[in-house]
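Pasting query20.txt here (compact mmCIF, C-alpha atoms):
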```
# COMPACT_ATOMS: atom_id res chain seq x y z
CA MET W 1 -19.48 125.87 -33.34
CA SER W 2 -20.57 125.38 -29.76
CA MET W 3 -19.88 122.07 -28.06
CA ALA W 4 -22.00 121.34 -24.97
CA LYS W 5 -20.08 120.90 -21.70
CA ASP W 6 -22.50 118.51 -19.98
CA ARG W 7 -25.53 117.33 -21.93
CA VAL W 8 -24.39 116.46 -25.42
CA ARG W 9 -26.32 118.03 -28.27
CA TYR W 10 -27.30 115.66 -31.07
CA CYS W 11 -29.37 115.56 -34.25
CA VAL W 12 -30.75 112.97 -36.61
CA VAL W 13 -30.20 114.24 -40.14
CA ASP W 14 -31.61 112.87 -43.39
CA ALA W 15 -28.88 113.27 -46.03
CA PHE W 16 -29.17 113.70 -49.80
CA THR W 17 -32.70 115.09 -49.47
CA ASP W 18 -34.54 118.14 -48.17
CA ILE W 19 -37.69 116.17 -47.41
CA PRO W 20 -38.02 114.63 -43.91
CA PHE W 21 -37.99 110.82 -43.68
CA ARG W 22 -36.31 110.42 -47.05
CA GLY W 23 -32.65 110.20 -48.00
CA ASN W 24 -30.19 108.37 -45.78
CA PRO W 25 -30.35 109.09 -42.01
CA ALA W 26 -27.37 109.54 -39.70
CA ALA W 27 -27.05 110.78 -36.13
CA VAL W 28 -24.62 113.61 -35.33
CA CYS W 29 -23.34 114.34 -31.81
CA LEU W 30 -21.37 117.49 -30.89
CA LEU W 31 -18.76 116.66 -28.26
CA ASP W 32 -16.54 118.54 -25.87
CA ASP W 33 -13.00 117.34 -25.14
CA GLU W 34 -14.07 115.27 -22.12
CA LYS W 35 -16.29 112.93 -24.12
CA ALA W 36 -14.09 112.88 -27.24
CA GLU W 37 -11.93 109.95 -26.05
CA ASP W 38 -14.61 107.93 -24.27
CA VAL W 39 -15.03 105.11 -26.80
CA ASP W 40 -17.30 103.01 -24.56
CA TRP W 41 -19.66 105.97 -24.13
CA MET W 42 -19.73 106.67 -27.88
CA GLN W 43 -20.41 103.01 -28.62
CA GLY W 44 -23.22 102.98 -26.07
CA VAL W 45 -24.82 106.07 -27.60
CA ALA W 46 -24.59 104.57 -31.10
CA ALA W 47 -26.23 101.35 -29.88
CA GLU W 48 -28.99 103.37 -28.19
CA ILE W 49 -29.70 105.50 -31.26
CA ASN W 50 -29.46 102.34 -33.40
CA LEU W 51 -28.87 103.93 -36.80
CA PHE W 52 -26.39 102.53 -39.29
CA GLN W 53 -24.03 105.46 -38.61
CA THR W 54 -23.77 107.75 -35.57
CA CYS W 55 -21.11 110.47 -35.84
CA PHE W 56 -19.24 112.20 -33.04
CA LEU W 57 -17.69 115.59 -33.81
CA THR W 58 -14.89 117.38 -31.98
CA LYS W 59 -13.39 120.70 -33.00
CA LEU W 60 -9.65 120.54 -33.73
CA PRO W 61 -7.06 123.36 -33.56
CA ALA W 62 -6.67 125.11 -36.91
CA ASP W 63 -5.21 128.34 -38.28
CA SER W 64 -7.88 129.22 -40.84
CA VAL W 65 -10.26 126.53 -42.12
CA LEU W 66 -12.41 124.93 -39.44
CA ARG W 67 -11.18 121.38 -38.81
CA VAL W 68 -13.43 118.85 -37.10
CA ARG W 69 -12.57 115.31 -36.11
CA ILE W 70 -15.31 112.85 -36.96
CA ARG W 71 -15.61 109.36 -35.53
CA CYS W 72 -18.39 107.07 -36.64
CA PHE W 73 -19.99 104.08 -34.92
CA SER W 74 -22.53 101.51 -35.97
CA PRO W 75 -24.60 99.91 -33.20
CA LEU W 76 -21.84 97.27 -32.94
CA SER W 77 -18.45 98.90 -33.56
CA GLU W 78 -16.46 101.88 -34.82
CA VAL W 79 -16.60 102.05 -38.62
CA ASN W 80 -15.35 104.18 -41.50
CA VAL W 81 -17.59 107.17 -42.07
CA TYR W 82 -19.78 107.03 -45.20
CA ALA W 83 -20.59 109.95 -47.50
CA HIS W 84 -24.14 110.39 -46.20
CA ALA W 85 -22.84 110.67 -42.63
CA LEU W 86 -20.19 113.19 -43.72
CA LEU W 87 -22.89 115.23 -45.43
CA ALA W 88 -25.09 115.02 -42.33
CA ALA W 89 -22.19 116.13 -40.12
CA ALA W 90 -21.29 119.03 -42.41
CA HIS W 91 -24.93 120.14 -42.57
CA THR W 92 -25.13 120.18 -38.77
CA ILE W 93 -21.96 122.24 -38.44
CA PHE W 94 -23.01 124.75 -41.09
CA LEU W 95 -26.45 125.03 -39.50
CA TYR W 96 -25.17 125.73 -36.00
CA ALA W 97 -22.22 127.82 -37.15
CA SER W 98 -24.25 130.01 -39.53
CA ALA W 99 -23.68 133.12 -37.39
CA HIS W 100 -19.94 132.72 -37.90
CA MET W 101 -20.22 132.75 -41.71
CA ILE W 102 -18.39 129.43 -42.06
CA ASN W 103 -18.59 128.06 -45.60
CA ILE W 104 -15.84 125.42 -45.69
CA ILE W 105 -14.70 122.77 -43.23
CA GLU W 106 -12.27 119.88 -43.15
CA LEU W 107 -13.67 116.67 -41.70
CA VAL W 108 -10.85 114.55 -40.31
CA ALA W 109 -11.81 110.86 -40.28
CA ARG W 110 -9.71 107.78 -39.66
CA SER W 111 -9.79 107.07 -43.42
CA GLY W 112 -8.57 110.57 -44.37
CA VAL W 113 -9.61 114.21 -44.66
CA VAL W 114 -12.69 115.26 -46.66
CA THR W 115 -13.36 118.90 -47.53
CA ALA W 116 -16.97 120.03 -47.28
CA LYS W 117 -18.25 123.31 -48.71
CA LYS W 118 -21.53 125.14 -48.19
CA ILE W 119 -23.01 126.01 -51.59
CA PRO W 120 -25.87 128.53 -51.83
CA ALA W 121 -29.10 127.36 -53.44
CA PRO W 122 -29.58 128.47 -57.06
CA SER W 123 -31.48 131.74 -57.40
CA ASN W 124 -34.36 130.01 -59.20
CA LEU W 125 -35.25 127.93 -56.14
CA GLN W 126 -38.18 129.22 -54.10
CA ASN W 127 -36.71 128.22 -50.73
CA GLN W 128 -33.57 130.29 -50.37
CA ASP W 129 -33.06 129.14 -46.76
CA THR W 130 -31.82 125.78 -48.02
CA PHE W 131 -28.25 125.12 -49.13
CA PHE W 132 -26.23 122.38 -50.75
CA ILE W 133 -23.16 120.68 -49.33
CA GLU W 134 -20.31 119.72 -51.62
CA LEU W 135 -17.95 116.86 -50.71
CA ASP W 136 -14.65 116.38 -52.56
CA TYR W 137 -13.96 112.70 -53.33
CA PRO W 138 -11.62 110.72 -55.58
CA VAL W 139 -13.08 109.09 -58.68
CA ASP W 140 -13.70 105.35 -58.41
CA PRO W 141 -12.78 104.14 -61.92
CA VAL W 142 -15.13 101.74 -63.67
CA ILE W 143 -13.25 98.85 -65.25
CA GLU W 144 -13.93 95.68 -67.21
CA CYS W 145 -14.53 92.52 -65.22
CA ASP W 146 -14.02 88.86 -66.05
CA LEU W 147 -17.22 87.18 -64.95
CA ASP W 148 -16.48 83.71 -66.33
CA ASN W 149 -19.72 81.83 -65.67
CA GLU W 150 -21.22 84.42 -63.30
CA THR W 151 -23.40 86.30 -65.83
CA SER W 152 -26.40 84.01 -65.49
CA HIS W 153 -26.07 84.21 -61.70
CA ILE W 154 -26.24 88.03 -61.88
CA PHE W 155 -29.31 87.87 -64.14
CA GLY W 156 -30.95 85.63 -61.57
CA ALA W 157 -29.95 87.90 -58.69
CA LEU W 158 -31.74 90.79 -60.43
CA HIS W 159 -34.73 88.59 -61.34
CA GLY W 160 -34.16 88.67 -65.06
CA ALA W 161 -33.71 92.44 -65.43
CA SER W 162 -32.92 93.69 -68.94
CA ILE W 163 -29.14 94.04 -68.57
CA ILE W 164 -27.12 96.08 -71.07
CA ASP W 165 -23.66 95.98 -69.52
CA ILE W 166 -21.76 94.76 -66.45
CA LYS W 167 -18.63 96.45 -65.15
CA ARG W 168 -16.72 96.61 -61.85
CA THR W 169 -15.62 99.52 -59.68
CA ARG W 170 -11.90 99.48 -58.95
CA TYR W 171 -11.86 100.74 -55.37
CA GLY W 172 -15.32 99.81 -54.13
CA ASN W 173 -15.15 96.36 -55.75
CA ASP W 174 -18.83 96.55 -56.63
CA LEU W 175 -20.48 95.19 -59.74
CA LEU W 176 -22.00 98.01 -61.81
CA VAL W 177 -24.95 96.76 -63.85
CA GLU W 178 -26.60 98.97 -66.45
CA VAL W 179 -30.18 98.06 -67.33
CA SER W 180 -32.23 99.22 -70.29
CA SER W 181 -33.76 102.35 -68.71
CA GLY W 182 -34.10 104.34 -65.53
CA GLU W 183 -37.65 103.10 -65.17
CA ASN W 184 -36.36 99.52 -65.16
CA VAL W 185 -33.98 100.38 -62.31
CA ALA W 186 -37.00 101.12 -60.14
CA LEU W 187 -38.68 97.88 -61.22
CA VAL W 188 -35.75 95.56 -60.38
CA LEU W 189 -36.74 92.82 -57.92
CA PRO W 190 -33.49 91.98 -56.09
CA GLN W 191 -32.94 88.46 -54.83
CA MET W 192 -30.81 89.13 -51.76
CA ASP W 193 -29.60 85.59 -51.18
CA ALA W 194 -28.40 85.42 -54.79
CA ILE W 195 -26.82 88.90 -54.63
CA ALA W 196 -24.86 87.83 -51.55
CA LYS W 197 -23.32 85.03 -53.64
CA CYS W 198 -22.28 87.29 -56.52
CA PRO W 199 -18.63 88.37 -56.84
CA GLY W 200 -17.54 91.66 -55.30
CA ARG W 201 -18.93 93.69 -52.41
CA GLY W 202 -22.36 94.64 -53.73
CA ILE W 203 -24.33 95.44 -56.88
CA ILE W 204 -25.01 98.91 -58.28
CA VAL W 205 -27.95 98.93 -60.70
CA THR W 206 -28.26 101.97 -62.95
CA GLY W 207 -30.09 103.13 -66.05
CA ARG W 208 -30.43 106.22 -68.20
CA THR W 209 -33.57 108.31 -67.74
CA HIS W 210 -35.89 109.36 -70.54
CA PRO W 211 -35.37 112.68 -72.38
CA GLY W 212 -36.80 115.60 -70.45
CA SER W 213 -36.20 114.05 -67.04
CA ALA W 214 -34.72 116.21 -64.29
CA PHE W 215 -32.09 113.47 -63.80
CA ASP W 216 -29.45 111.94 -66.04
CA PHE W 217 -29.75 108.47 -64.53
CA TYR W 218 -31.31 106.41 -61.75
CA SER W 219 -29.52 104.03 -59.44
CA ARG W 220 -30.01 101.52 -56.63
CA TYR W 221 -27.43 99.78 -54.45
CA PHE W 222 -27.70 96.32 -52.88
CA CYS W 223 -25.12 95.08 -50.39
CA PRO W 224 -26.41 92.20 -48.24
CA LYS W 225 -22.82 91.06 -47.56
CA LEU W 226 -22.43 94.12 -45.30
CA GLY W 227 -25.89 93.76 -43.77
CA VAL W 228 -27.47 96.42 -46.02
CA ASN W 229 -30.01 94.81 -48.33
CA GLU W 230 -30.70 98.12 -50.05
CA ASP W 231 -28.97 101.34 -49.09
CA PRO W 232 -31.30 104.38 -49.13
CA VAL W 233 -28.74 106.71 -50.76
CA THR W 234 -25.08 105.84 -51.32
CA GLY W 235 -22.74 108.78 -51.94
CA SER W 236 -19.64 106.68 -52.51
CA VAL W 237 -21.04 104.62 -55.40
CA HIS W 238 -21.72 107.87 -57.25
CA CYS W 239 -17.96 108.36 -57.45
CA ALA W 240 -18.07 105.42 -59.86
CA LEU W 241 -21.40 106.31 -61.44
CA ALA W 242 -20.14 109.82 -62.23
CA SER W 243 -17.18 108.32 -64.08
CA TYR W 244 -19.35 105.81 -65.94
CA TRP W 245 -22.10 108.17 -67.04
CA SER W 246 -19.90 111.18 -67.82
CA LYS W 247 -18.19 109.08 -70.48
CA LYS W 248 -21.46 107.69 -71.86
CA LEU W 249 -23.31 111.01 -71.89
CA GLY W 250 -20.34 113.28 -72.71
CA LYS W 251 -20.91 115.68 -69.81
CA CYS W 252 -19.18 116.55 -66.54
CA ASP W 253 -22.16 117.81 -64.51
CA LEU W 254 -24.67 115.11 -63.66
CA SER W 255 -27.75 114.68 -61.51
CA ALA W 256 -29.02 111.33 -60.25
CA CYS W 257 -31.88 109.94 -58.25
CA GLN W 258 -31.34 106.83 -56.14
CA VAL W 259 -34.75 105.20 -56.39
CA SER W 260 -34.72 103.20 -53.17
CA PRO W 261 -37.93 103.19 -51.08
CA ARG W 262 -36.71 106.32 -49.22
CA GLY W 263 -35.10 107.88 -52.29
CA GLY W 264 -32.55 110.65 -52.56
CA ILE W 265 -30.79 113.00 -54.98
CA VAL W 266 -27.05 113.27 -55.69
CA ASP W 267 -25.56 115.92 -57.96
CA MET W 268 -22.03 115.38 -59.29
CA CYS W 269 -19.31 117.34 -61.03
CA ILE W 270 -16.41 115.22 -62.28
CA ASP W 271 -12.90 116.46 -63.10
CA GLU W 272 -11.37 113.69 -65.23
CA GLU W 273 -7.94 115.36 -65.31
CA LYS W 274 -7.65 115.52 -61.51
CA GLN W 275 -9.71 112.34 -61.05
CA ARG W 276 -11.96 114.01 -58.47
CA VAL W 277 -15.74 114.05 -58.04
CA LEU W 278 -17.65 116.78 -56.25
CA LEU W 279 -20.73 115.19 -54.68
CA ARG W 280 -23.47 117.69 -53.90
CA GLY W 281 -26.58 117.19 -51.84
CA LYS W 282 -28.97 118.68 -49.33
CA ALA W 283 -29.91 117.53 -45.85
CA VAL W 284 -32.64 118.13 -43.30
CA VAL W 285 -32.66 117.80 -39.50
CA VAL W 286 -35.57 115.64 -38.33
CA VAL W 287 -34.68 115.14 -34.64
CA GLU W 288 -32.84 117.44 -32.25
CA GLY W 289 -32.13 116.88 -28.58
CA ARG W 290 -29.67 116.29 -25.73
CA ILE W 291 -28.03 113.11 -24.51
CA MET W 292 -28.57 113.11 -20.75
CA VAL W 293 -25.74 110.78 -19.64
```
Do you think you could lay out the structure here as C-alpha cells?
Amino acid sequence: MSMAKDRVRYCVVDAFTDIPFRGNPAAVCLLDDEKAEDVDWMQGVAAEINLFQTCFLTKLPADSVLRVRIRCFSPLSEVNVYAHALLAAAHTIFLYASAHMINIIELVARSGVVTAKKIPAPSNLQNQDTFFIELDYPVDPVIECDLDNETSHIFGALHGASIIDIKRTRYGNDLLVEVSSGENVALVLPQMDAIAKCPGRGIIVTGRTHPGSAFDFYSRYFCPKLGVNEDPVTGSVHCALASYWSKKLGKCDLSACQVSPRGGIVDMCIDEEKQRVLLRGKAVVVVEGRIMV
C-alpha cells in the first residue's frame, strides 16, 4: 500500500453497496508518517470534506498480516470508527494493494482491532471484478426490555406502525422493533422528535420479507439523539439483527436490505457458539483525488 509523501491521496467510498450514490459514504485518506500525528490537520480535512466519518490510514509495522491504524473524525471531533467506515477503508486498501495479493488486514482503531478479509464474488455473478469485504464483529445480544409506560410512546414515534415485538440490544442500547412485514418497514413514517424522547440510543425497525425475496429481512435505523435522523446503512446494528433473526428463522447465514432512501445490503454469518458475526458487504469508490495542503 503506497502512502503519498506530499499530497495526500483520498477517496470517497460508498459502503454496503456496489452502486454509486447509495449505501453509506465515508472518506478515506492514506497518510505518511508525517501527517499521522497532526490531529489539527486531520480535523481540518474532516471538516472540509464534511461527511459523517472521514478516516485516516497509516501502515503499522507487522510480521505477516498487514496492520493499518485507522483514526476517524466527524466534522467536529475525533470519533469511534463505524462499520461502514471500516468497510470503506478496507475496500480502499484492497483496491490499491491488489498487485500485492493482500486478502486480509487488521484495522487498528482506538476502540479495538477489527479483521477485514477480501472475499471473491460468487462465480454466478456477472461482474467478477467486484469483491466482498468481511468484517469480524462480536454479537450484540437482543434482550427483553421493561418499557413500563413507554409502549404507546414508541407506537407514536413510529406513527402507528403495526408492531409485533419490542426488544433491546445489550451493547448498542437500541430499541429493536419488529413490525408486521418487510414492506411495512419501508412504509414507517418516523417522528424524529418523539424518537429522540424514547428510551435508549436509537430505534431499529425491522420486518421479515415475503417468501421468494432475495433478502431475509428489511431494516431501518433512526438515531436523532446522535444527530442522525436516519442512517443510510448501519453495520453495527446488524450484529444485533443477525442474532435476532437467526433465532427466529433458524438459520446462520442471512441477507438484509436496509431500506433507507439511499439503501444498502448487508450479508451476515453468525456463530452462536463463539458469539461472533461476520458482516459482509461491497463498496464502490465515487471520488478520488489529492489533498493539496
Can you pull out the residues contacting W:Cys55? Cut-off 9 Å, using all atoms listed in the file, and skip same-chain residues under 5 positions away; I want them as an mmCIF file with C-alpha atoms, in the coordinates of the input.
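Dumped to selection.cif:
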```cif
data_model
loop_
_atom_site.group_PDB
_atom_site.id
_atom_site.type_symbol
_atom_site.label_atom_id
_atom_site.label_comp_id
_atom_site.auth_asym_id
_atom_site.auth_seq_id
_atom_site.Cartn_x
_atom_site.Cartn_y
_atom_site.Cartn_z
ATOM 1 C CA ALA W 26 -27.370 109.540 -39.700
ATOM 2 C CA ALA W 27 -27.050 110.780 -36.130
ATOM 3 C CA VAL W 28 -24.620 113.610 -35.330
ATOM 4 C CA CYS W 29 -23.340 114.340 -31.810
ATOM 5 C CA LEU W 30 -21.370 117.490 -30.890
ATOM 6 C CA MET W 42 -19.730 106.670 -27.880
ATOM 7 C CA ALA W 46 -24.590 104.570 -31.100
ATOM 8 C CA ILE W 70 -15.310 112.850 -36.960
ATOM 9 C CA ARG W 71 -15.610 109.360 -35.530
ATOM 10 C CA CYS W 72 -18.390 107.070 -36.640
ATOM 11 C CA PHE W 73 -19.990 104.080 -34.920
ATOM 12 C CA VAL W 81 -17.590 107.170 -42.070
ATOM 13 C CA ALA W 85 -22.840 110.670 -42.630
ATOM 14 C CA LEU W 86 -20.190 113.190 -43.720
ATOM 15 C CA ALA W 88 -25.090 115.020 -42.330
ATOM 16 C CA ALA W 89 -22.190 116.130 -40.120
#
```
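In terms of minimum interatomic distance to W:Ser246, W:Asp216 ranks closest within W:Asp216, W:Glu273, W:Glu37, W:Asp136, counting all atoms listed in the file.
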Atom CA of W:Ala240 to atom CA of W:Pro25, straight-line distance in Å:
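Answer for the atom CA of W:Pro25 to atom CA of W:Ala240 separation: 22.0 Å.
Neighbouring residues of W:Ala62 at 12 Å or closer, counting only C-alpha atoms and skipping chain neighbours under 3 positions away, are W:Lys59, W:Val65, W:Leu66, W:Arg67, W:Val68, W:Arg69, W:Ile105, W:Glu106, W:Leu107, W:Val108.
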Generate a file of the selected residues that holds C-alpha atoms, formatted as a compact mmCIF listing (two decimals), in the coordinates of the input.
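Resulting contents of part00.txt:
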```txt
# COMPACT_ATOMS: atom_id res chain seq x y z
CA LYS W 59 -13.39 120.70 -33.00
CA VAL W 65 -10.26 126.53 -42.12
CA LEU W 66 -12.41 124.93 -39.44
CA ARG W 67 -11.18 121.38 -38.81
CA VAL W 68 -13.43 118.85 -37.10
CA ARG W 69 -12.57 115.31 -36.11
CA ILE W 105 -14.70 122.77 -43.23
CA GLU W 106 -12.27 119.88 -43.15
CA LEU W 107 -13.67 116.67 -41.70
CA VAL W 108 -10.85 114.55 -40.31
```
Between W:Val259, W:Leu279, W:Cys198, W:Ile265, which is the closest to W:His153 once you count all atoms listed in the file?
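Nearest candidate to W:His153 out of W:Val259, W:Leu279, W:Cys198, W:Ile265: W:Cys198.
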Two-atom distance - atom CA of W:Glu48, atom CA of W:Ala97 (Å):
26.9 Å
Atom CA of W:Pro138 and atom CA of W:Arg276 are how many Å apart?
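Separation of atom CA of W:Pro138 and atom CA of W:Arg276: 4.4 Å.
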Output stretch 131-142 of chain W with all heavy atoms present, as a JSON list (two decimals), keeping the file's coordinate frame.
```json
[["chain", "number", "residue", "atom", "x", "y", "z"],
["W", 131, "PHE", "N", -29.57, 125.04, -48.51],
["W", 131, "PHE", "CA", -28.25, 125.12, -49.13],
["W", 131, "PHE", "C", -27.79, 123.71, -49.46],
["W", 131, "PHE", "O", -28.27, 122.72, -48.92],
["W", 131, "PHE", "CB", -27.24, 125.83, -48.21],
["W", 131, "PHE", "CG", -27.08, 125.23, -46.84],
["W", 131, "PHE", "CD1", -26.17, 124.20, -46.60],
["W", 131, "PHE", "CD2", -27.85, 125.68, -45.77],
["W", 131, "PHE", "CE1", -26.03, 123.64, -45.34],
["W", 131, "PHE", "CE2", -27.71, 125.13, -44.50],
["W", 131, "PHE", "CZ", -26.80, 124.11, -44.28],
["W", 132, "PHE", "N", -26.84, 123.64, -50.37],
["W", 132, "PHE", "CA", -26.23, 122.38, -50.75],
["W", 132, "PHE", "C", -24.91, 122.22, -50.01],
["W", 132, "PHE", "O", -24.27, 123.21, -49.62],
["W", 132, "PHE", "CB", -25.95, 122.33, -52.26],
["W", 132, "PHE", "CG", -27.18, 122.22, -53.10],
["W", 132, "PHE", "CD1", -27.93, 123.35, -53.43],
["W", 132, "PHE", "CD2", -27.62, 120.99, -53.58],
["W", 132, "PHE", "CE1", -29.06, 123.26, -54.21],
["W", 132, "PHE", "CE2", -28.75, 120.89, -54.37],
["W", 132, "PHE", "CZ", -29.47, 122.03, -54.68],
["W", 133, "ILE", "N", -24.49, 120.98, -49.86],
["W", 133, "ILE", "CA", -23.16, 120.68, -49.33],
["W", 133, "ILE", "C", -22.39, 119.92, -50.39],
["W", 133, "ILE", "O", -22.93, 118.99, -51.02],
["W", 133, "ILE", "CB", -23.24, 119.87, -48.02],
["W", 133, "ILE", "CG1", -23.85, 120.74, -46.92],
["W", 133, "ILE", "CG2", -21.86, 119.36, -47.59],
["W", 133, "ILE", "CD1", -24.30, 119.98, -45.72],
["W", 134, "GLU", "N", -21.16, 120.32, -50.59],
["W", 134, "GLU", "CA", -20.31, 119.72, -51.62],
["W", 134, "GLU", "C", -19.16, 118.98, -50.94],
["W", 134, "GLU", "O", -18.42, 119.56, -50.15],
["W", 134, "GLU", "CB", -19.77, 120.82, -52.52],
["W", 134, "GLU", "CG", -18.87, 120.35, -53.64],
["W", 134, "GLU", "CD", -18.36, 121.52, -54.47],
["W", 134, "GLU", "OE1", -19.07, 121.92, -55.41],
["W", 134, "GLU", "OE2", -17.28, 122.05, -54.16],
["W", 135, "LEU", "N", -19.03, 117.69, -51.24],
["W", 135, "LEU", "CA", -17.95, 116.86, -50.71],
["W", 135, "LEU", "C", -16.99, 116.51, -51.84],
["W", 135, "LEU", "O", -17.41, 116.13, -52.93],
["W", 135, "LEU", "CB", -18.53, 115.57, -50.12],
["W", 135, "LEU", "CG", -19.57, 115.72, -49.01],
["W", 135, "LEU", "CD1", -20.12, 114.35, -48.62],
["W", 135, "LEU", "CD2", -18.98, 116.41, -47.78],
["W", 136, "ASP", "N", -15.70, 116.62, -51.56],
["W", 136, "ASP", "CA", -14.65, 116.38, -52.56],
["W", 136, "ASP", "C", -14.10, 114.97, -52.38],
["W", 136, "ASP", "O", -13.46, 114.66, -51.37],
["W", 136, "ASP", "CB", -13.55, 117.43, -52.38],
["W", 136, "ASP", "CG", -12.51, 117.39, -53.49],
["W", 136, "ASP", "OD1", -12.47, 116.40, -54.25],
["W", 136, "ASP", "OD2", -11.72, 118.34, -53.61],
["W", 137, "TYR", "N", -14.33, 114.11, -53.39],
["W", 137, "TYR", "CA", -13.96, 112.70, -53.33],
["W", 137, "TYR", "C", -13.11, 112.31, -54.54],
["W", 137, "TYR", "O", -13.21, 112.92, -55.60],
["W", 137, "TYR", "CB", -15.21, 111.82, -53.35],
["W", 137, "TYR", "CG", -15.76, 111.45, -51.99],
["W", 137, "TYR", "CD1", -16.57, 112.34, -51.28],
["W", 137, "TYR", "CD2", -15.48, 110.23, -51.42],
["W", 137, "TYR", "CE1", -17.09, 112.00, -50.05],
["W", 137, "TYR", "CE2", -15.99, 109.87, -50.18],
["W", 137, "TYR", "CZ", -16.80, 110.76, -49.50],
["W", 137, "TYR", "OH", -17.30, 110.42, -48.27],
["W", 138, "PRO", "N", -12.31, 111.26, -54.39],
["W", 138, "PRO", "CA", -11.62, 110.72, -55.58],
["W", 138, "PRO", "C", -12.58, 109.93, -56.45],
["W", 138, "PRO", "O", -13.55, 109.33, -55.96],
["W", 138, "PRO", "CB", -10.55, 109.80, -54.98],
["W", 138, "PRO", "CG", -11.10, 109.39, -53.65],
["W", 138, "PRO", "CD", -11.90, 110.57, -53.15],
["W", 139, "VAL", "N", -12.32, 109.92, -57.75],
["W", 139, "VAL", "CA", -13.08, 109.09, -58.68],
["W", 139, "VAL", "C", -12.82, 107.61, -58.36],
["W", 139, "VAL", "O", -11.71, 107.22, -58.01],
["W", 139, "VAL", "CB", -12.67, 109.40, -60.14],
["W", 139, "VAL", "CG1", -13.20, 108.34, -61.10],
["W", 139, "VAL", "CG2", -13.15, 110.78, -60.55],
["W", 140, "ASP", "N", -13.86, 106.80, -58.48],
["W", 140, "ASP", "CA", -13.70, 105.35, -58.41],
["W", 140, "ASP", "C", -13.83, 104.83, -59.84],
["W", 140, "ASP", "O", -14.94, 104.72, -60.36],
["W", 140, "ASP", "CB", -14.77, 104.73, -57.51],
["W", 140, "ASP", "CG", -14.53, 103.26, -57.24],
["W", 140, "ASP", "OD1", -13.60, 102.68, -57.86],
["W", 140, "ASP", "OD2", -15.27, 102.67, -56.43],
["W", 141, "PRO", "N", -12.71, 104.51, -60.50],
["W", 141, "PRO", "CA", -12.78, 104.14, -61.92],
["W", 141, "PRO", "C", -13.62, 102.88, -62.15],
["W", 141, "PRO", "O", -13.62, 101.96, -61.34],
["W", 141, "PRO", "CB", -11.30, 103.88, -62.28],
["W", 141, "PRO", "CG", -10.52, 104.63, -61.25],
["W", 141, "PRO", "CD", -11.33, 104.55, -60.00],
["W", 142, "VAL", "N", -14.33, 102.89, -63.26],
["W", 142, "VAL", "CA", -15.13, 101.74, -63.67],
["W", 142, "VAL", "C", -14.32, 100.95, -64.69],
["W", 142, "VAL", "O", -13.86, 101.50, -65.69],
["W", 142, "VAL", "CB", -16.47, 102.19, -64.26],
["W", 142, "VAL", "CG1", -17.26, 101.00, -64.77],
["W", 142, "VAL", "CG2", -17.27, 102.95, -63.20]]
```
